[in-house]
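Structure file data-v3.txt (compact mmCIF, C-alpha atoms and all ligand atoms) follows.
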```txt
# COMPACT_ATOMS: atom_id res chain seq x y z
CA MET A 388 8.56 -158.82 52.11
CA LYS A 389 5.59 -156.62 52.92
CA LEU A 390 6.01 -152.94 52.12
CA ALA A 391 5.65 -150.62 55.13
CA LYS A 392 2.57 -148.37 55.17
CA ALA A 393 4.65 -145.21 55.35
CA TYR A 394 8.26 -144.39 54.61
CA ASP A 395 10.26 -144.18 57.81
CA PRO A 396 13.42 -142.18 57.10
CA ASN A 397 15.04 -143.33 60.36
CA GLU A 398 15.11 -146.83 58.98
CA TYR A 399 17.13 -145.97 55.88
CA GLU A 400 18.90 -142.66 56.18
CA PRO A 401 21.65 -143.54 58.71
CA THR A 402 22.76 -146.46 56.51
CA ILE A 403 22.68 -144.35 53.35
CA TYR A 404 24.59 -141.53 55.04
CA ALA A 405 27.19 -143.99 56.39
CA MET A 406 27.61 -145.37 52.89
CA TRP A 407 28.20 -141.86 51.48
CA GLU A 408 30.60 -140.99 54.26
CA THR A 409 32.72 -144.15 54.16
CA SER A 410 32.94 -143.99 50.37
CA GLY A 411 34.81 -140.70 50.76
CA ALA A 412 32.18 -138.81 48.74
CA PHE A 413 32.35 -135.79 51.09
CA ALA A 414 36.13 -135.47 51.24
CA PRO A 415 37.95 -132.93 49.03
CA THR A 416 39.17 -134.59 45.84
CA GLY A 417 42.30 -132.54 45.37
CA LYS A 418 41.21 -131.94 41.77
CA GLY A 419 39.65 -128.84 40.27
CA GLU A 420 39.30 -125.28 41.48
CA PRO A 421 38.94 -125.18 45.30
CA TYR A 422 35.61 -124.23 46.87
CA SER A 423 35.32 -124.23 50.65
CA ILE A 424 32.99 -123.34 53.48
CA VAL A 425 34.00 -123.40 57.13
CA MET A 426 30.93 -124.38 59.10
CA PRO A 427 30.31 -122.02 62.03
CA PRO A 428 31.01 -124.60 64.73
CA PRO A 429 27.95 -125.62 66.80
CA ASN A 430 28.43 -125.84 70.57
CA ALA A 431 30.14 -129.11 71.43
CA ASN A 432 28.14 -129.71 74.58
CA GLY A 433 24.60 -129.30 73.35
CA ASN A 434 21.99 -130.20 70.79
CA LEU A 435 21.32 -128.50 67.49
CA HIS A 436 18.43 -126.09 67.12
CA LEU A 437 16.36 -124.93 64.16
CA GLY A 438 18.96 -122.30 63.22
CA HIS A 439 21.53 -125.02 62.67
CA GLY A 440 19.06 -126.78 60.37
CA LEU A 441 18.76 -123.63 58.26
CA MET A 442 22.53 -123.04 58.25
CA GLY A 443 23.24 -126.66 57.32
CA ALA A 444 20.68 -126.67 54.51
CA LEU A 445 21.90 -123.42 52.91
CA GLU A 446 25.56 -124.33 53.12
CA ASP A 447 24.99 -127.85 51.93
CA ILE A 448 23.07 -126.63 48.87
CA LEU A 449 26.11 -124.60 47.79
CA ILE A 450 28.52 -127.39 48.69
CA ARG A 451 26.66 -130.03 46.71
CA TYR A 452 26.12 -127.70 43.75
CA TYR A 453 29.83 -126.92 43.42
CA ARG A 454 30.81 -130.54 44.06
CA MET A 455 28.63 -131.61 41.14
CA LYS A 456 30.20 -128.90 39.02
CA GLY A 457 33.54 -130.64 39.55
CA ARG A 458 35.11 -128.18 41.97
CA ASP A 459 37.46 -129.37 44.74
CA VAL A 460 35.05 -128.91 47.61
CA ALA A 461 35.96 -128.73 51.32
CA TYR A 462 33.11 -128.37 53.81
CA ILE A 463 34.90 -128.19 57.16
CA PRO A 464 32.77 -129.13 60.19
CA GLY A 465 33.63 -127.91 63.66
CA ALA A 466 32.76 -128.09 67.33
CA ASP A 467 32.90 -125.02 69.56
CA HIS A 468 34.12 -125.41 73.15
CA ALA A 469 31.74 -122.47 73.79
CA GLY A 470 33.51 -121.13 76.88
CA PHE A 471 30.75 -119.39 78.77
CA GLU A 472 27.88 -121.51 77.41
CA THR A 473 29.52 -124.76 78.47
CA TRP A 474 30.62 -123.26 81.73
CA VAL A 475 27.04 -122.34 82.69
CA VAL A 476 25.86 -125.90 81.99
CA TYR A 477 28.75 -127.38 83.94
CA GLU A 478 28.37 -125.04 86.91
CA LYS A 479 24.72 -126.07 87.18
CA ALA A 480 25.80 -129.72 87.29
CA LEU A 481 28.30 -128.83 90.05
CA GLU A 482 25.57 -127.05 91.98
CA LYS A 483 23.40 -130.17 91.89
CA GLU A 484 26.23 -132.05 93.59
CA GLY A 485 26.37 -129.34 96.25
CA LYS A 486 29.76 -128.11 94.99
CA SER A 487 31.04 -124.86 93.51
CA ARG A 488 33.91 -123.74 91.30
CA PHE A 489 35.80 -122.69 94.41
CA ASP A 490 36.16 -126.31 95.58
CA PHE A 491 38.64 -127.02 92.76
CA SER A 492 41.78 -125.61 91.21
CA ARG A 493 41.66 -124.16 87.69
CA GLU A 494 43.47 -127.23 86.29
CA GLN A 495 41.02 -129.60 88.00
CA LEU A 496 38.04 -127.68 86.66
CA TYR A 497 39.50 -127.59 83.17
CA SER A 498 39.98 -131.36 83.02
CA GLN A 499 36.53 -132.02 84.51
CA VAL A 500 34.83 -129.83 81.90
CA TRP A 501 36.98 -131.44 79.20
CA ASN A 502 35.62 -134.88 80.17
CA PHE A 503 32.10 -133.51 80.38
CA VAL A 504 32.31 -132.06 76.86
CA GLU A 505 33.93 -135.23 75.53
CA LYS A 506 30.90 -137.20 76.69
CA GLN A 507 28.39 -134.76 75.13
CA ARG A 508 30.18 -134.00 71.91
CA GLY A 509 28.92 -136.92 69.84
CA ASN A 510 25.29 -135.69 69.95
CA MET A 511 25.52 -132.68 67.72
CA GLU A 512 27.81 -134.49 65.25
CA LEU A 513 25.19 -137.24 64.89
CA GLN A 514 22.49 -134.60 64.48
CA LEU A 515 24.46 -132.87 61.71
CA ARG A 516 24.74 -136.23 59.97
CA ALA A 517 21.00 -136.78 60.41
CA LEU A 518 20.45 -133.44 58.65
CA GLY A 519 22.41 -134.89 55.76
CA VAL A 520 25.12 -132.23 55.56
CA SER A 521 27.91 -133.48 53.35
CA ALA A 522 30.77 -132.29 55.54
CA SER A 523 34.30 -133.61 55.39
CA TRP A 524 34.30 -135.28 58.81
CA GLY A 525 37.95 -136.23 58.69
CA ASP A 526 38.77 -132.52 58.77
CA LEU A 527 36.66 -131.68 61.84
CA VAL A 528 38.14 -128.92 64.00
CA PHE A 529 37.43 -128.58 67.72
CA THR A 530 38.12 -125.04 68.94
CA LEU A 531 40.43 -126.44 71.66
CA ASP A 532 42.51 -128.51 69.19
CA GLU A 533 46.18 -127.84 69.59
CA LYS A 534 46.47 -126.14 66.21
CA VAL A 535 43.62 -123.75 67.08
CA ILE A 536 45.22 -122.81 70.42
CA LYS A 537 48.49 -122.22 68.54
CA THR A 538 46.70 -119.89 66.12
CA VAL A 539 45.00 -118.05 69.00
CA TYR A 540 48.34 -117.51 70.74
CA GLY A 541 49.99 -116.52 67.45
CA THR A 542 47.26 -113.94 66.86
CA PHE A 543 47.45 -112.70 70.46
CA LYS A 544 51.22 -112.30 70.04
CA ARG A 545 50.84 -110.34 66.79
CA LEU A 546 48.26 -108.01 68.32
CA TRP A 547 50.44 -107.71 71.44
CA ASP A 548 53.52 -106.82 69.36
CA ASP A 549 51.43 -104.31 67.38
CA LYS A 550 50.37 -102.80 70.72
CA LEU A 551 46.72 -103.49 69.96
CA ILE A 552 46.20 -105.50 73.15
CA TYR A 553 46.36 -103.88 76.54
CA ARG A 554 45.35 -104.52 80.10
CA GLY A 555 43.52 -101.75 81.84
CA GLU A 556 40.69 -100.66 84.05
CA ARG A 557 37.69 -100.03 81.89
CA ILE A 558 33.95 -100.37 82.15
CA VAL A 559 32.92 -103.93 81.40
CA ASN A 560 29.47 -105.53 81.08
CA PHE A 561 29.27 -107.59 84.25
CA CYS A 562 26.74 -110.24 85.23
CA THR A 563 26.67 -110.26 89.03
CA VAL A 564 25.02 -113.70 89.04
CA HIS A 565 27.49 -115.42 86.70
CA GLN A 566 30.41 -113.34 88.01
CA THR A 567 31.84 -112.71 84.57
CA SER A 568 32.17 -109.89 82.10
CA PHE A 569 30.89 -109.99 78.52
CA ALA A 570 31.82 -108.44 75.19
CA ASP A 571 29.45 -105.67 74.07
CA ILE A 572 27.79 -107.84 71.42
CA GLU A 573 27.00 -110.57 73.96
CA VAL A 574 24.73 -108.27 75.95
CA GLU A 575 21.02 -108.63 75.21
CA HIS A 576 19.34 -105.23 75.03
CA LYS A 577 15.66 -105.04 75.79
CA ASN A 578 13.39 -102.02 75.59
CA GLU A 579 11.89 -101.32 78.98
CA LYS A 580 9.55 -98.73 80.39
CA SER A 581 11.28 -96.60 82.96
CA LYS A 582 11.40 -93.10 84.37
CA LEU A 583 13.68 -90.17 83.87
CA TRP A 584 13.87 -88.64 87.32
CA LYS A 585 14.74 -85.01 87.85
CA ILE A 586 16.84 -84.38 90.92
CA ALA A 587 17.95 -81.03 92.40
CA TYR A 588 21.60 -80.68 93.39
CA PRO A 589 21.81 -77.56 95.64
CA THR A 590 24.44 -74.94 94.88
CA LEU A 591 26.88 -74.24 97.71
CA ASP A 592 25.04 -71.07 98.81
CA LYS A 593 22.00 -73.38 99.18
CA ILE A 594 19.88 -70.77 97.41
CA GLY A 595 20.13 -72.08 93.90
CA GLU A 596 20.08 -75.57 92.46
CA VAL A 597 20.98 -77.50 89.32
CA VAL A 598 18.39 -80.05 88.24
CA ILE A 599 19.79 -83.14 86.54
CA ALA A 600 17.87 -85.90 84.78
CA THR A 601 18.77 -89.57 85.31
CA THR A 602 17.40 -93.08 84.87
CA ARG A 603 19.68 -94.41 87.60
CA PRO A 604 19.28 -92.36 90.79
CA GLU A 605 20.87 -95.13 92.91
CA THR A 606 24.26 -94.53 91.31
CA MET A 607 24.28 -90.89 92.43
CA PHE A 608 26.55 -91.77 95.37
CA GLY A 609 29.23 -92.42 92.79
CA ASP A 610 28.76 -89.05 91.07
CA THR A 611 31.95 -87.04 90.78
CA ALA A 612 30.62 -84.19 88.61
CA ILE A 613 27.64 -82.66 86.84
CA ALA A 614 28.19 -82.10 83.14
CA VAL A 615 26.56 -79.57 80.81
CA HIS A 616 27.18 -78.69 77.17
CA PRO A 617 29.82 -75.89 76.86
CA ASP A 618 27.48 -73.78 74.67
CA ASP A 619 24.37 -74.18 76.82
CA GLU A 620 23.41 -70.62 77.78
CA ARG A 621 21.33 -71.84 80.74
CA TYR A 622 24.39 -73.20 82.52
CA LYS A 623 27.33 -71.20 81.15
CA LYS A 624 27.87 -69.13 84.26
CA LEU A 625 27.77 -72.20 86.52
CA ILE A 626 30.61 -74.03 84.78
CA GLY A 627 33.53 -74.35 87.22
CA THR A 628 31.37 -73.88 90.33
CA ARG A 629 30.39 -76.67 92.70
CA VAL A 630 27.18 -78.23 93.98
CA LEU A 631 26.30 -80.44 96.94
CA LEU A 632 25.70 -84.09 96.20
CA PRO A 633 22.28 -84.77 97.78
CA LEU A 634 22.04 -87.16 100.75
CA THR A 635 25.78 -86.78 101.33
CA ASP A 636 28.12 -84.03 102.47
CA ARG A 637 30.26 -84.25 99.33
CA GLU A 638 30.76 -81.38 96.85
CA ILE A 639 31.14 -82.04 93.13
CA PRO A 640 32.13 -79.69 90.28
CA ILE A 641 30.05 -78.59 87.28
CA ILE A 642 32.04 -79.33 84.14
CA ALA A 643 31.50 -78.64 80.44
CA ASP A 644 31.69 -81.49 77.93
CA GLU A 645 30.53 -81.83 74.34
CA TYR A 646 29.18 -85.29 75.15
CA VAL A 647 26.14 -83.74 76.86
CA ASP A 648 23.04 -83.37 74.69
CA PRO A 649 21.39 -80.08 75.75
CA ALA A 650 18.03 -81.39 74.50
CA TYR A 651 18.04 -84.48 76.74
CA GLY A 652 16.23 -84.10 80.06
CA THR A 653 17.28 -80.84 81.67
CA GLY A 654 20.54 -80.54 79.73
CA ALA A 655 22.50 -81.29 82.91
CA VAL A 656 23.60 -84.85 83.64
CA LYS A 657 25.26 -86.52 86.59
CA ILE A 658 28.62 -88.09 85.83
CA THR A 659 29.27 -91.48 87.41
CA PRO A 660 32.56 -92.68 85.90
CA ALA A 661 32.51 -96.05 87.68
CA HIS A 662 29.08 -97.13 86.38
CA ASP A 663 28.55 -95.83 82.89
CA PRO A 664 30.80 -96.22 79.83
CA ASN A 665 30.11 -92.67 78.54
CA ASP A 666 30.64 -91.17 81.98
CA PHE A 667 33.85 -93.17 82.25
CA GLU A 668 35.15 -91.40 79.14
CA VAL A 669 34.01 -88.00 80.39
CA GLY A 670 35.82 -88.82 83.65
CA GLU A 671 39.01 -89.66 81.75
CA ARG A 672 38.86 -86.32 79.90
CA HIS A 673 38.34 -84.31 83.09
CA ASN A 674 40.43 -86.38 85.47
CA LEU A 675 37.48 -87.26 87.69
CA GLU A 676 37.63 -89.69 90.58
CA ARG A 677 35.90 -93.07 90.08
CA ILE A 678 33.81 -94.16 93.03
CA GLN A 679 32.40 -97.68 92.84
CA VAL A 680 29.00 -97.84 94.54
CA ILE A 681 27.78 -101.19 93.17
CA GLY A 682 29.95 -104.18 94.09
CA PHE A 683 30.68 -107.22 91.92
CA ASP A 684 28.07 -109.02 94.04
CA GLY A 685 25.44 -106.55 92.81
CA LYS A 686 25.12 -104.93 96.26
CA MET A 687 25.51 -101.25 97.10
CA MET A 688 28.76 -100.05 98.67
CA ASN A 689 30.49 -96.74 99.48
CA THR A 690 27.08 -95.14 100.07
CA PRO A 691 25.50 -93.59 103.18
CA GLN A 692 25.03 -96.35 105.75
CA GLN A 693 21.29 -96.88 105.13
CA PHE A 694 21.92 -98.03 101.54
CA VAL A 695 24.99 -100.26 102.04
CA GLY A 696 24.31 -103.89 101.12
CA LEU A 697 21.03 -103.23 99.31
CA ASP A 698 20.43 -104.70 95.87
CA VAL A 699 20.24 -102.17 93.05
CA GLU A 700 16.47 -102.15 92.68
CA THR A 701 15.77 -101.64 96.39
CA ALA A 702 18.49 -99.00 96.53
CA ARG A 703 16.77 -97.13 93.68
CA LYS A 704 13.43 -97.07 95.53
CA ARG A 705 15.00 -96.00 98.82
CA THR A 706 17.17 -93.32 97.21
CA LEU A 707 14.08 -91.84 95.55
CA ALA A 708 12.19 -91.96 98.86
CA ALA A 709 15.08 -90.21 100.65
CA LEU A 710 15.25 -87.56 97.91
CA GLU A 711 11.52 -87.04 98.15
CA ALA A 712 11.78 -86.61 101.94
CA ALA A 713 14.56 -84.07 101.41
CA GLU A 714 12.33 -82.26 98.87
CA LEU A 715 14.89 -82.67 96.11
CA LEU A 716 12.78 -84.48 93.51
CA ARG A 717 11.68 -82.18 90.69
CA GLY A 718 9.42 -84.51 88.73
CA GLU A 719 9.71 -87.51 86.46
CA ASP A 720 9.09 -88.36 82.79
CA SER A 721 8.05 -91.77 81.53
CA ILE A 722 10.50 -93.11 78.99
CA GLU A 723 11.33 -96.32 77.19
CA HIS A 724 14.98 -97.22 76.94
CA ALA A 725 17.24 -100.17 76.18
CA VAL A 726 18.52 -102.06 79.22
CA GLY A 727 21.29 -104.66 78.91
CA HIS A 728 20.57 -108.15 80.22
CA CYS A 729 22.61 -111.33 80.68
CA TYR A 730 21.47 -113.63 77.86
CA LYS A 731 21.66 -116.64 80.18
CA CYS A 732 20.07 -115.52 83.44
CA ASN A 733 18.30 -112.35 82.30
CA SER A 734 19.63 -110.29 85.21
CA VAL A 735 20.46 -106.66 84.47
CA ILE A 736 24.05 -106.24 83.29
CA GLN A 737 25.98 -103.82 85.49
CA PRO A 738 28.57 -101.60 83.89
CA LEU A 739 31.45 -102.01 86.35
CA ILE A 740 35.11 -101.08 86.27
CA LYS A 741 37.36 -104.08 86.08
CA ASP A 742 41.01 -104.72 85.34
CA GLN A 743 40.71 -106.66 82.08
CA TRP A 744 42.36 -107.40 78.74
CA PHE A 745 41.14 -105.30 75.85
CA LEU A 746 41.67 -105.17 72.11
CA LYS A 747 42.09 -101.70 70.64
CA VAL A 748 39.38 -101.86 68.04
CA GLN A 749 39.53 -98.51 66.22
CA PRO A 750 42.81 -98.99 64.28
CA LEU A 751 41.39 -102.26 62.92
CA ALA A 752 37.87 -100.94 62.38
CA GLN A 753 39.12 -97.95 60.41
CA ARG A 754 41.09 -100.22 58.08
CA ALA A 755 37.97 -102.26 57.51
CA LYS A 756 35.99 -99.07 56.90
CA LYS A 757 38.54 -97.84 54.39
CA ALA A 758 38.43 -101.15 52.52
CA LEU A 759 34.64 -100.87 52.46
CA ASN A 760 34.66 -97.28 51.18
CA ASP A 761 37.35 -98.06 48.58
CA ASN A 762 35.10 -100.86 47.31
CA GLU A 763 37.68 -103.52 48.09
CA ILE A 764 34.79 -105.39 49.71
CA SER A 765 31.54 -105.77 47.85
CA PHE A 766 28.72 -105.28 50.27
CA SER A 767 25.20 -106.38 49.58
CA PRO A 768 22.82 -104.58 49.64
CA ASN A 769 24.93 -101.55 48.79
CA SER A 770 22.34 -99.21 50.32
CA ARG A 771 23.17 -100.60 53.78
CA LYS A 772 26.89 -100.09 53.43
CA GLN A 773 26.89 -96.91 55.50
CA VAL A 774 25.22 -98.71 58.40
CA LEU A 775 28.27 -100.96 58.58
CA ALA A 776 30.61 -97.94 58.29
CA GLN A 777 28.77 -96.33 61.21
CA TYR A 778 29.03 -99.55 63.21
CA TYR A 779 32.81 -99.44 62.72
CA ASP A 780 32.93 -95.84 63.95
CA ASN A 781 31.03 -96.65 67.13
CA LEU A 782 32.94 -99.76 68.18
CA ARG A 783 34.52 -99.58 71.63
CA ASP A 784 37.59 -101.50 72.74
CA TRP A 785 36.78 -105.19 72.97
CA ASN A 786 36.88 -106.95 76.33
CA LEU A 787 38.81 -110.17 75.63
CA SER A 788 39.00 -111.80 79.06
CA ARG A 789 36.38 -113.76 80.96
CA GLN A 790 36.31 -114.97 84.56
CA ILE A 791 35.80 -118.66 83.85
CA PRO A 792 38.23 -121.57 83.91
CA TRP A 793 36.97 -123.19 80.68
CA GLY A 794 38.67 -121.85 77.60
CA ILE A 795 42.05 -120.72 76.36
CA PRO A 796 44.05 -118.93 79.08
CA ILE A 797 45.44 -115.47 78.35
CA PRO A 798 49.12 -116.01 77.50
CA ALA A 799 50.53 -113.23 79.66
CA PHE A 800 52.43 -113.02 82.93
CA GLN A 801 52.83 -110.25 85.45
CA ASN A 802 56.07 -109.33 87.13
CA VAL A 803 55.42 -109.85 90.87
CA ASN A 804 57.65 -106.88 91.71
CA ASP A 805 56.12 -104.54 89.15
CA PRO A 806 52.38 -104.90 88.52
CA ASP A 807 52.59 -102.85 85.32
CA ASP A 808 55.19 -105.12 83.79
CA TRP A 809 53.51 -107.81 81.68
CA ILE A 810 55.18 -110.21 79.32
CA PHE A 811 53.76 -112.43 76.63
CA ASP A 812 54.44 -116.15 77.09
CA ASP A 813 52.42 -118.95 75.58
CA ARG A 814 53.61 -121.56 78.11
CA VAL A 815 50.57 -120.90 80.27
CA ASP A 816 49.76 -124.51 81.02
CA GLU A 817 53.20 -125.64 82.06
CA GLU A 818 53.74 -126.05 85.77
CA THR A 819 57.06 -124.28 86.10
CA ILE A 820 58.04 -121.40 83.94
CA VAL A 821 61.53 -120.00 84.13
CA VAL A 822 61.90 -116.68 82.37
ZN ZN B 901 24.05 -114.05 84.12
```

Let me see the structure of the file written as structure tokens.
Amino acid sequence: MKLAKAYDPNEYEPTIYAMWETSGAFAPTGKGEPYSIVMPPPNANGNLHLGHGLMGALEDILIRYYRMKGRDVAYIPGADHAGFETWVVYEKALEKEGKSRFDFSREQLYSQVWNFVEKQRGNMELQLRALGVSASWGDLVFTLDEKVIKTVYGTFKRLWDDKLIYRGERIVNFCTVHQTSFADIEVEHKNEKSKLWKIAYPTLDKIGEVVIATTRPETMFGDTAIAVHPDDERYKKLIGTRVLLPLTDREIPIIADEYVDPAYGTGAVKITPAHDPNDFEVGERHNLERIQVIGFDGKMMNTPQQFVGLDVETARKRTLAALEAAELLRGEDSIEHAVGHCYKCNSVIQPLIKDQWFLKVQPLAQRAKKALNDNEISFSPNSRKQVLAQYYDNLRDWNLSRQIPWGIPIPAFQNVNDPDDWIFDDRVDEETIVV
């Protein structure tokens, strides 16, 4: 036999790996002190990327080291059903066939995506093997395995019983293209150059005016107050009075709230509870009305007629032009600020009010913070510990629900006669439920 000019790993590695795998070399031995790593499950429907290569290499180094030291090693591989990720891929496939999600029932969609994922799933498992990771394949967990769903429902029930889960109208991060909300950490923030516009809101006597600063003039039609800091001498005497909302005939009050930073802009800010999470909270504290002026389709609504149906960007330009014509613009500053984008389609995420399921995060975050401060958790590097503590303090309630058919349904039912009456029931996929 003539020796090949160069070593071709593809020729030998699959056979060698198969030999390792079938010999049971990667399975836990049941002897020795346990050592385990749960592999963060790669998406079931796609291919691996460089990050998976890094993850696999680092984890496998530890796994092999401890296996050779005689520990009872379990390296558990997984596959993630990747709700939104998979859904985007599948919806594109539907589009190509000239169909949409609305042509099917939820059950039909679920089983179609299931088959789609089933077909794709083998790829990434083969790629993990090609990387040489010594995972215990017999223990593979798919995130839609029955035991995982059981655990999810069990956890949901515990949080429900502990009153840590609630349904309510809150600001969510909404992609108007994908028609779904996202958790805060799923939003991609990008620094963008923008303007801070200064707009005059006339006082009722039409002699004076309050100048506010905003980056989003188009949402002004949803303003239900102007807020100033309670100790701001410039505005103290105006607190409790009212101003005219420009381009409309609506009056709104001037309120005092500690949330306002007197050093930002003019020290007076417009409050739009339906389109900004901070304003939403100010609105809750002061019992302000919430007026939605951007629809879930990304188009303007509840505005003066000439703006209805415009997309947000056009509405911004036209609102500024109308303000200019009314001689209510008082200048602009160039600024750079973070704008949230959908990580799939890059469109600007709209903060919109939606009836959704939320997890109360603070009671849990504060327990984690306490454990951190009491040194129950060792954090490395220690100098960054306070950054984590601060992160815990700033966490908002977590939006749990998505508007896609692929994934684990929320195990809750609403009383048809009483919309506020919800019960927990994990029989969500059974056709008839008698309670
Ligand atoms: Zn999107």

- Message: From the options A:Glu579, A:Glu668, A:Glu714, A:Glu573, which residue's atoms come nearest to ligand ZN 901 (chain B), counting all atoms listed in the file?
- Response: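 That would be A:Glu573, the residue with the smallest distance to ligand ZN 901 (chain B).
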
- Using only C-alpha atoms and all ligand atoms, determine which residues fall within 8 Å of ligand ZN 901 (chain B), then list them as a PyMOL selection string. chain A and resi 562-567+728-734+736

Prev. selection, C-alpha atoms, output as a PDB file, keeping the file's coordinate frame:
```pdb
ATOM      1  CA  CYS A 562      26.740-110.240  85.230  1.00  0.00           C
ATOM      2  CA  THR A 563      26.670-110.260  89.030  1.00  0.00           C
ATOM      3  CA  VAL A 564      25.020-113.700  89.040  1.00  0.00           C
ATOM      4  CA  HIS A 565      27.490-115.420  86.700  1.00  0.00           C
ATOM      5  CA  GLN A 566      30.410-113.340  88.010  1.00  0.00           C
ATOM      6  CA  THR A 567      31.840-112.710  84.570  1.00  0.00           C
ATOM      7  CA  HIS A 728      20.570-108.150  80.220  1.00  0.00           C
ATOM      8  CA  CYS A 729      22.610-111.330  80.680  1.00  0.00           C
ATOM      9  CA  TYR A 730      21.470-113.630  77.860  1.00  0.00           C
ATOM     10  CA  LYS A 731      21.660-116.640  80.180  1.00  0.00           C
ATOM     11  CA  CYS A 732      20.070-115.520  83.440  1.00  0.00           C
ATOM     12  CA  ASN A 733      18.300-112.350  82.300  1.00  0.00           C
ATOM     13  CA  SER A 734      19.630-110.290  85.210  1.00  0.00           C
ATOM     14  CA  ILE A 736      24.050-106.240  83.290  1.00  0.00           C
TER      15      ILE A 736
END
```

- Suppose you want the space between CA of Gly457 in chain A and CA of Glu763 in chain A; what is it in Å?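 So the answer is 28.7 Å.
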
Axis-aligned box for all listed atoms of range 466-481 of chain A, 8 Å per side, centre and edges in Å to one decimal, as AutoDock Vina command-line options:
```
--center_x 29.4 --center_y -124.6 --center_z 78.7 --size_x 25.4 --size_y 26.3 --size_z 38.7
```

- Task: Figure out the distance between CA of Arg677 in chain A and CA of Tyr622 in chain A, please, to one decimal in Å.
- Result: 24.2 Å

- range 467-478 of chain A environment, 6 Å, all atoms listed in the file, sequence neighbours closer than 5 positions dropped, as a list of chain:residue names: A:Pro428, A:Pro429, A:Asn430, A:Ala431, A:Thr530, A:Trp793, A:Gly794

Return as CSV the residues of range 521-603 of chain A lying at most 8 Å from range 412-415 of chain A, together with the closest atom-to-atom pair for each and the distance in Å to one decimal, counting all atoms listed in the file, with rows in chain order and ascending residue number.
```
residue,atom,partner,partner_atom,distance
A:Ser521,CA,A:Phe413,CA,5.5
A:Ala522,CA,A:Phe413,CA,5.9
A:Ser523,CA,A:Ala414,CA,4.9
A:Trp524,CA,A:Ala414,CA,7.8
A:Gly525,CA,A:Ala414,CA,7.7
```

With C-alpha atoms retained, write the just-selected residues as a PDB file, in the frame of the given file.
```pdb
ATOM      1  CA  SER A 521      27.910-133.480  53.350  1.00  0.00           C
ATOM      2  CA  ALA A 522      30.770-132.290  55.540  1.00  0.00           C
ATOM      3  CA  SER A 523      34.300-133.610  55.390  1.00  0.00           C
ATOM      4  CA  TRP A 524      34.300-135.280  58.810  1.00  0.00           C
ATOM      5  CA  GLY A 525      37.950-136.230  58.690  1.00  0.00           C
TER       6      GLY A 525
END
```

- Excluding same-chain residues fewer than 4 positions from Leu449 in chain A, what lies within 12 Å of it counting all atoms listed in the file, as a ChimeraX atom specification? /A:422-424,442-445,453-456,458,460-462,520-522

Can those selected residues be exported to a file as a JSON list (two decimals), in the coordinates of the input so that it contains C-alpha atoms?
```
[["chain", "number", "residue", "atom", "x", "y", "z"],
["A", 422, "TYR", "CA", 35.61, -124.23, 46.87],
["A", 423, "SER", "CA", 35.32, -124.23, 50.65],
["A", 424, "ILE", "CA", 32.99, -123.34, 53.48],
["A", 442, "MET", "CA", 22.53, -123.04, 58.25],
["A", 443, "GLY", "CA", 23.24, -126.66, 57.32],
["A", 444, "ALA", "CA", 20.68, -126.67, 54.51],
["A", 445, "LEU", "CA", 21.90, -123.42, 52.91],
["A", 453, "TYR", "CA", 29.83, -126.92, 43.42],
["A", 454, "ARG", "CA", 30.81, -130.54, 44.06],
["A", 455, "MET", "CA", 28.63, -131.61, 41.14],
["A", 456, "LYS", "CA", 30.20, -128.90, 39.02],
["A", 458, "ARG", "CA", 35.11, -128.18, 41.97],
["A", 460, "VAL", "CA", 35.05, -128.91, 47.61],
["A", 461, "ALA", "CA", 35.96, -128.73, 51.32],
["A", 462, "TYR", "CA", 33.11, -128.37, 53.81],
["A", 520, "VAL", "CA", 25.12, -132.23, 55.56],
["A", 521, "SER", "CA", 27.91, -133.48, 53.35],
["A", 522, "ALA", "CA", 30.77, -132.29, 55.54]]
```

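Between CA of Met607 in chain A and CA of Phe683 in chain A the separation is 17.5 Å.
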
Per-residue nearest contacts range 727-757 of chain A to range 684-708 of chain A, cut-off 10 Å, using only C-alpha atoms, as JSON lines:
```
{"residue": "A:Val735", "atom": "CA", "partner": "A:Val699", "partner_atom": "CA", "distance": 9.7}
{"residue": "A:Ile736", "atom": "CA", "partner": "A:Gly685", "partner_atom": "CA", "distance": 9.6}
{"residue": "A:Gln737", "atom": "CA", "partner": "A:Gly685", "partner_atom": "CA", "distance": 7.8}
{"residue": "A:Leu739", "atom": "CA", "partner": "A:Gly685", "partner_atom": "CA", "distance": 9.9}
```

- Message: Using all atoms listed in the file, can you tell me which of A:Ile658, A:Ile740, A:Leu751, A:Met511 comes closest to Gly670 in chain A?
- Response: A:Ile658

- Message: For Ala643 in chain A, find every residue with an atom within 12 Å (counting only C-alpha atoms), except residues of its own chain fewer than 2 positions away, and show them as a ChimeraX atom specification.
- Response: /A:612-620,622-628,640-641,645-649,654-658,669-670,672-673

- Counting all atoms listed in the file, closest pick from A:Leu715, A:Ile536, A:Ile795, A:Leu675 relative to Ile642 in chain A is A:Leu675

- What lies within 10 Å of range 395-401 of chain A using only C-alpha atoms, ignoring chain neighbours under 2 positions off, as a list in words? Ala391, Lys392, Ala393, Ile403, Tyr404, Ala405, Met406, Trp407, Leu513, Arg516, Ala517, Leu518 and Gly519 of chain A

Those same residues - C-alpha atoms - I'd like them written as a compact mmCIF listing (two decimals), in the coordinates of the input.
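Below is the file result_22.txt, written as the result:
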```txt
# COMPACT_ATOMS: atom_id res chain seq x y z
CA ALA A 391 5.65 -150.62 55.13
CA LYS A 392 2.57 -148.37 55.17
CA ALA A 393 4.65 -145.21 55.35
CA ILE A 403 22.68 -144.35 53.35
CA TYR A 404 24.59 -141.53 55.04
CA ALA A 405 27.19 -143.99 56.39
CA MET A 406 27.61 -145.37 52.89
CA TRP A 407 28.20 -141.86 51.48
CA LEU A 513 25.19 -137.24 64.89
CA ARG A 516 24.74 -136.23 59.97
CA ALA A 517 21.00 -136.78 60.41
CA LEU A 518 20.45 -133.44 58.65
CA GLY A 519 22.41 -134.89 55.76
```
